[in-house]
Structures are given as C-alpha cells and as structure tokens.
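Written out below as structure tokens is the structure these notes cover.
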Amino acid sequence: MKALATIGVAFLALPILGLVLQLRWDRIGDLVSDPLLVTALRTTLVVVPAATLIVIVIGTPLAWLLARTDGATRTLLRVLVLSPVVLPPVVSGVLLLSAFGRRGLLGSALDTVGIVLPFSIAGAILAAAFVSLPFHVLAAEEGFRSIPHSQLDAARLLGVPEARILRDYAFPAATRAIAAGGTLAAARALGEFGATITFAGNVEGATRTLPLATFTALERDPDLARLIGVVLIGLAVLVAAAQRRGIRTRQTLR
Amino acid sequence: MSRLAIVAALIFLGGCGSTEDQIRVSVASSLGEVLEVIVDDYQREYPDARVEVNVAGSATLVRQVDEGAPVDLLITADAAALDSLSADSSSPTELGTNELVLLVHRDADPPITTAEDLTDDHLIVGCDRVVPCGRLLDRWRTESGSDVEIDSVESNVRQVRARVVDGEADAGFVYRTDVLDLDATETSWIPVEPSVEAAAVLASIGDPPAEVARLRDFVVESARFGEFGFGEP
C-alpha cells in the first residue's frame with residue numbers, strides 16, 4: 001500500500017523536480033522580462049478569470065437542473081456535460097470551430113455582423129470555458145444533491161418560485177461546492193492548450209496564454225519554456241491555496 | 001499486484017523488441033506527403049525494410065533529436081533548421097527547392113489578388129520564424145518592404161494551409177508545393193514578388209548503418225520530388 005503510494009508521489013513529483021533543477025538561474029533576470037512570458041501572463045490573467053466567471057454563471061443553473069433531473073434525461077445531460085472532459089482538447093477545438101468558427105453553425109451568422117471569435121481573446125475565453133465547464137457543473141451538482149430534500153420540498157409546498165428556491169435556499173446551502181467547482185474550473189482553464197490553439201490560434205497578446213507560450217518558447221528558447229512551466233506551477237499552487245483557504249474560512253464560520 | 005506487474009513488463013518489453021530494426025525518418029510538414037510516397041516505393045523494392053515516418057515542423061524535429069529521440073534520417077525544409085542541431089549529423093544534402101506563395105480564401109473581403117491587397121482587416125496566418133516557412137516569410141518581408149501583420153503564428157506550414165482552407169483565415173503564406181493539390185474553387189494562390197526560395201535538405205544522424213545509408217540514397221535519388229512540385233536542387 002505505502003510503497004504504491006510512494007511510487008505515485010514520486011511519479012508526480014519527479015517531473016516537477018527535474019524542471020526546477022533544469023532552470024537556468026544565471027539567465028533568470030533576462031528570462032523573466034521576456035516579452036513572450038510577460039504578454040502571455042497578461043493574457044492568461046484575463047482569460048482564466050473571464051472563463052471561470054462564465055462557467056460559474058452558466059454552469060451553476062445547469063448543475064441545479066442536473067440535480068433535479070433523473071432517469072434518461074439525466075444520463076443524456078451527464079454525457080453532454082462530460083464530453084469536454086472525455087474528448088481530447090484538440091477535438092473540442094474542432095467542435096468549437098464547427099459551431100463558432102467563421103464557417104460554423106453560429107459563427108457564420110456572427111461573421112456577417114462582424115464578430116469573429118477565432119484568433120481573438122474572446123475565442124480563447126470561449127475555448128477555456130468550454131473545457132472547464134464540466135468540472136464546475138459536476139462539483140456544484142454534488143453540492144445541490146446533498147441539500148436535504150425536506151427543506152426544498154417545504155419551500156415548494158409554500159409556493160416559493162423555483163428561481164427563488166435556487167437563490168435563497170439552494171445557492172447558500174451549496175456555496176462550498178460551487179466555490180470548489182469554480183476553483184477546479186479555474187485550474188482547468190489555466191492549463192488549457194489544445195482547444196485554444198485549434199480554435200483560437202496562437203495570437204500574441206490575444207490567444208497566446210501561458211501554455212501556448214510554453215509551446216512557442218520550446219522551439220525558440222527551451223530555458224524560457226521551462227521558466228514559463230514554473231510560472232504555471234506557481235499559479236496552480238495559488239489556485240489550490242485559494243480553494244483551501246476558502247474551505248477553512250467557511251468551516252470556522254460554522 | 002504481481003499479475004499486473006507481469007502485464008506491465010510484457011507491454012514494456014514488447015514495445016522495446018518490436019522497434020529494433022526499424023529505420024526512423026523525421027520529416028518536415030511540407031515534405032510529409034512526398035516522403036510517404038517515397039517510403040512506399042522503397043518498401044515495394046525492399047519488402048523487409050521497416051520504416052517509421054514522423055511528421056512535424058522542422059524546429060520540432062530538431063528539438064526531438066536533441067532531446068534524444070531515436071532518429072536515423074532528418075529531413076527539414078531548409079538547411080538553417082539544422083544550425084541549432086547539437087547531435088552529430090552528416091552534412092546536409094539538398095532534395096529540392098520550394099518557394100513562398102500566398103494562399104487566399106475565396107471569401108476574403110476585400111478581395112486579394114496580390115500580396116499588396118492584404119490589409120489589417122484581413123485575418124492573415126503564417127509560420128513562426130523558428131520554422132523554415134517563417135524564415136522565408138521574414139526574408140520576403142525584408143526584400144519586398146511589406147509591412148503585412150501576421151495574426152496567428154503556426155508551428156508548421158500545414159497548419160497555416162488548414163486555417164485558410166477551412167476559411168478561418170483569409171490568407172496565409174505557405175510553400176508552392178502545399179497549394180498544388182488544393183481545390184481551386186475554395187482557394188486560390190498567388191506567387192509573391194520578389195520570389196523567395198528555400199531548399200529542403202536531408203541529413204543522417206550519427207553514424208548510419210548500411211540499411212539507413214541505402215534508404216538515404218534512395219530518397220536523394222528519388223524522382224518523386226519533381227512530381228510533387230519541388231524544383232531541381
């Protein structure tokens with residue numbers, strides 16, 4: 001048991017250790033101010049919060065719907081919600097092109113009014129939201145499902161409208177799950193690469209987020225690519241810490 | 001647990017054993033199709049030969065070799081791609097020349113009939129300057145004095161082509177050999193002025209054993225490059 005767990009830890013930790021050991025500290029001064037890194041960091045700091053916000057706004061009602069549905073409808077909805085997790089991100093990018101690309105179902109209509117999502121920061125946000133939506137929906141659904149039915153049924157019996165039940169009862173009772181889901185979604189959006197490069201392209205200052213910058217740097221200057229990798233690890237740690245802090249604050253409130 | 005370990009070991013050993021006598025060729029995106037045809041020719045002549053082809057942008061291929069990927073022959077879209085190669089390699093042999101052209105989607109608005117028609121309103125794609133087609137684009141921009149802005153930079157020329165063919169981009173800079181087989185109703189292509197050329201090259205990595213040398217000579221002597229639109233080296 002313990003031996004296997006140790007292998008698991010080493011499996012995850014060794015690559016990170018290797019990356020940190022390969023960092024070129026003598027070049028760090030030049031590398032941290034490299035425009036490739038700086039611009040991509042700025043892009044990421046717009047794309048990830050924007051995608052997370054979209055995910056929470058449309059994902060929470062979707063989770064509420066899922067939590068109140070059963071049977072075949074629920075299975076169908078679940079498969080739909082899970083599809084971005086199961087599909088390779090590059091396929092998600094192809095799917096997004098077929099819907100929102102300039103020749104896509106909706107994209108061609110958008111194109112006629114002058115809105116082009118591919119190659120724009122809106123496209124990068126859309127791609128990140130698409131792949132991270134399931135993480136939030138599944139976590140929030142768990143939260144909604146764990147609310148005792150009796151409370152909700154009592155409210156319904158009193159004739160409280162469904163929208164108010166969500167706002168006044170379900171939402172406050174599931175904030176922890178919703179926050180956890182949002183954090184998971186943010187973490188996924190931070191690491192998003194395949195759907196973004198396929199759907200939104202590699203546009204400096206618009207769609208070149210840190211993962212795309214790593215890919216670009218790998219062929220120009222591998223030392224820079226490693227540093228961007230470390231920056232991404234740092235951001236991931238921040239996201240994880242934010243979640244832990246959030247949970248602790250709520251626990252002490254109780 | 002132990003059964004799992006045995007299965008894992010078998011998969012691992014199986015993976016190792018099957019690749020020993022294989023010749024591995026890494027080839028730049030613009031030469032992927034012609035090389036696959038040449039490899040088919042080769043395997044018809046030498047049915048026992050096992051050749052594995054790996055296609056990517058030239059810069060990716062060079063990085064893979066430097067990171068220890070087992071590669072016997074390396075084909076890049078220009079000789080400059082090999083400058084950053086630190087592994088031992090033979091001096092490059094030229095296979096054929098190529099030139100930069102502008103691929104245009106029919107729906108481009110305003111219409112594009114020469115490279116001078118490109119505006120900031122068009123979505124224009126091109127290669128990253130770490131790959132040969134991007135270097136060629138840089139050279140053309142310097143020689144023509146064009147100030148065209150590239151919106152999305154791609155890591156290989158086939159991605160540039162795909163963006164234009166799918167209509168996501170209005171125009172893209174690719175090689176002449178990338179456009180010859182395209183459907184002329186969806187896209188058209190324009191030679192750029194002044195014309196800029198690159199020569200694809202082949203180098204062998206390390207000390208090539210006899211069967212690798214045999215494939216190398218076969219590739220160098222192949223007449224297929226002309227059929228695919230490459231110029232005489």
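Every chain in the structure tokens takes a letter, A first, then B, and so on in the order presented; its residues are numbered from 1, and the ligands are numbered from 1 following the presented order.
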
Inset, instruction - Pull out every residue of chain B sitting within 7 Å of chain A, counting only C-alpha atoms, and send them as a ChimeraX atom specification. - result: /B:59-60,130,151-154,167-168

Mind dumping the selected residues with N, CA, C and O atoms as a CSV table (one decimal), in the first residue's frame?
chain,number,residue,atom,x,y,z
B,59,ALA,N,11.4,22.8,-36.7
B,59,ALA,CA,12.0,23.1,-35.4
B,59,ALA,C,11.7,22.0,-34.4
B,59,ALA,O,12.5,21.7,-33.5
B,60,THR,N,10.5,21.5,-34.4
B,60,THR,CA,10.1,20.4,-33.5
B,60,THR,C,11.0,19.2,-33.7
B,60,THR,O,11.5,18.6,-32.8
B,130,VAL,N,10.7,30.4,-36.2
B,130,VAL,CA,11.6,29.3,-35.9
B,130,VAL,C,11.6,28.2,-37.0
B,130,VAL,O,12.5,27.4,-37.0
B,151,ASP,N,-1.5,37.6,-38.1
B,151,ASP,CA,-2.3,37.5,-36.9
B,151,ASP,C,-2.0,36.3,-36.0
B,151,ASP,O,-1.8,36.4,-34.8
B,152,SER,N,-2.0,35.1,-36.6
B,152,SER,CA,-1.8,33.9,-35.9
B,152,SER,C,-0.5,33.2,-36.4
B,152,SER,O,-0.4,33.0,-37.6
B,153,VAL,N,0.4,32.9,-35.5
B,153,VAL,CA,1.6,32.2,-36.0
B,153,VAL,C,1.5,30.7,-35.7
B,153,VAL,O,1.1,30.3,-34.6
B,154,GLU,N,1.8,29.9,-36.7
B,154,GLU,CA,1.6,28.5,-36.6
B,154,GLU,C,3.0,27.8,-36.5
B,154,GLU,O,3.9,28.4,-37.1
B,167,GLY,N,-11.3,28.3,-44.1
B,167,GLY,CA,-11.9,29.7,-44.2
B,167,GLY,C,-11.8,30.4,-42.9
B,167,GLY,O,-12.4,31.5,-42.8
B,168,GLU,N,-11.1,29.9,-41.9
B,168,GLU,CA,-11.0,30.7,-40.6
B,168,GLU,C,-10.0,31.9,-40.9
B,168,GLU,O,-10.2,32.9,-40.2

Inset, instruction - For B:Asp66, list every protein, DNA or RNA residue within 8 Å, evaluated using only C-alpha atoms, and leave out those in the same chain fewer than 4 positions away; present the list as a ChimeraX atom specification. - result: /B:62,85-87

Inset, instruction - Within stretch 121-211 of chain B, find each residue whose DSSP state, derived from the backbone, is helix (DSSP H, G or I), and express the selection as a list in words. - result: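 Assigned to helix (DSSP H, G or I), within stretch 121-211 of chain B: Pro132, Cys133, Gly134, Arg135, Leu136, Leu137, Asp138, Arg139, Trp140, Arg141, Thr142, Glu143, Ser144, Val157, Arg158, Gln159, Val160, Arg161, Ala162, Arg163, Val164, Val165, Arg176, Thr177, Asp178, Val179, Ala210 and Glu211 of chain B.
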
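Near B:Arg176, within 7 Å and counting only C-alpha atoms, sit Asn98, Glu99, Leu100 and Val101 of chain B; same-chain residues fewer than 6 positions away were not included.
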
Store the residues picked out above in a file with N, CA and C atoms, as an mmCIF file, in the first residue's frame.
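Below is the file selection_16.cif, written as the result:
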data_model
loop_
_atom_site.group_PDB
_atom_site.id
_atom_site.type_symbol
_atom_site.label_atom_id
_atom_site.label_comp_id
_atom_site.auth_asym_id
_atom_site.auth_seq_id
_atom_site.Cartn_x
_atom_site.Cartn_y
_atom_site.Cartn_z
ATOM 1 N N ASN B 98 11.790 24.987 -53.028
ATOM 2 C CA ASN B 98 10.403 25.363 -52.844
ATOM 3 C C ASN B 98 10.350 26.873 -52.781
ATOM 4 N N GLU B 99 9.179 27.464 -53.018
ATOM 5 C CA GLU B 99 9.108 28.918 -52.882
ATOM 6 C C GLU B 99 7.869 29.326 -52.105
ATOM 7 N N LEU B 100 7.904 30.550 -51.597
ATOM 8 C CA LEU B 100 6.796 31.060 -50.791
ATOM 9 C C LEU B 100 5.683 31.552 -51.715
ATOM 10 N N VAL B 101 4.437 31.174 -51.399
ATOM 11 C CA VAL B 101 3.290 31.719 -52.132
ATOM 12 C C VAL B 101 2.239 32.177 -51.116
#

Legend entry - Atom pair atom CA of A:Val79 / atom CA of A:Thr44: separation (Å):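 Between atom CA of A:Val79 and atom CA of A:Thr44 the gap works out to 29.1 Å.
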
Inset, instruction - For A:Leu190, please output as a PyMOL selection string all residues within 8 Å (counting only C-alpha atoms; exclusion window: fewer than 2 positions along the same chain). - result: chain A and resi 44+48+128+186-188+192+211+232+236

All residues 10 Å or closer to A:Ala177, only C-alpha atoms, same chain fewer than 5 positions away omitted, as a short mmCIF file (atom, residue, chain, number, x, y, z; two decimals) with N, CA and C atoms, in the first residue's frame:
data_model
loop_
_atom_site.label_atom_id
_atom_site.label_comp_id
_atom_site.auth_asym_id
_atom_site.auth_seq_id
_atom_site.Cartn_x
_atom_site.Cartn_y
_atom_site.Cartn_z
N HIS A 136 -16.90 22.38 -13.05
CA HIS A 136 -17.74 23.16 -12.15
C HIS A 136 -19.12 22.52 -12.01
N VAL A 137 -19.70 22.11 -13.13
CA VAL A 137 -21.07 21.57 -13.10
C VAL A 137 -21.15 20.34 -12.21
N LEU A 138 -20.18 19.43 -12.35
CA LEU A 138 -20.24 18.19 -11.58
C LEU A 138 -20.09 18.46 -10.08
N ALA A 139 -19.16 19.39 -9.74
CA ALA A 139 -18.97 19.70 -8.32
C ALA A 139 -20.20 20.39 -7.74
N ALA A 140 -20.75 21.33 -8.48
CA ALA A 140 -21.93 22.06 -7.98
C ALA A 140 -23.14 21.13 -7.87
N GLU A 141 -23.26 20.20 -8.83
CA GLU A 141 -24.38 19.25 -8.78
C GLU A 141 -24.32 18.41 -7.50
N GLU A 142 -23.10 17.95 -7.17
CA GLU A 142 -22.92 17.20 -5.92
C GLU A 142 -23.41 18.02 -4.74
N GLY A 143 -23.04 19.30 -4.74
CA GLY A 143 -23.44 20.21 -3.66
C GLY A 143 -24.95 20.32 -3.56
N PHE A 144 -25.60 20.52 -4.70
CA PHE A 144 -27.06 20.66 -4.71
C PHE A 144 -27.75 19.38 -4.25
N SER A 146 -26.71 17.23 -2.17
CA SER A 146 -26.53 16.90 -0.76
C SER A 146 -27.42 17.77 0.14
N PHE A 171 -28.67 27.88 -3.33
CA PHE A 171 -27.37 28.53 -3.57
C PHE A 171 -26.57 28.72 -2.29
N GLY A 182 -15.79 26.12 -8.98
CA GLY A 182 -15.18 27.26 -9.66
C GLY A 182 -13.67 27.17 -9.65
N THR A 183 -13.12 26.71 -8.51
CA THR A 183 -11.67 26.58 -8.42
C THR A 183 -11.16 25.50 -9.37
N ILE A 247 -12.28 27.03 1.95
CA ILE A 247 -12.93 25.99 2.76
C ILE A 247 -12.74 26.27 4.24
#
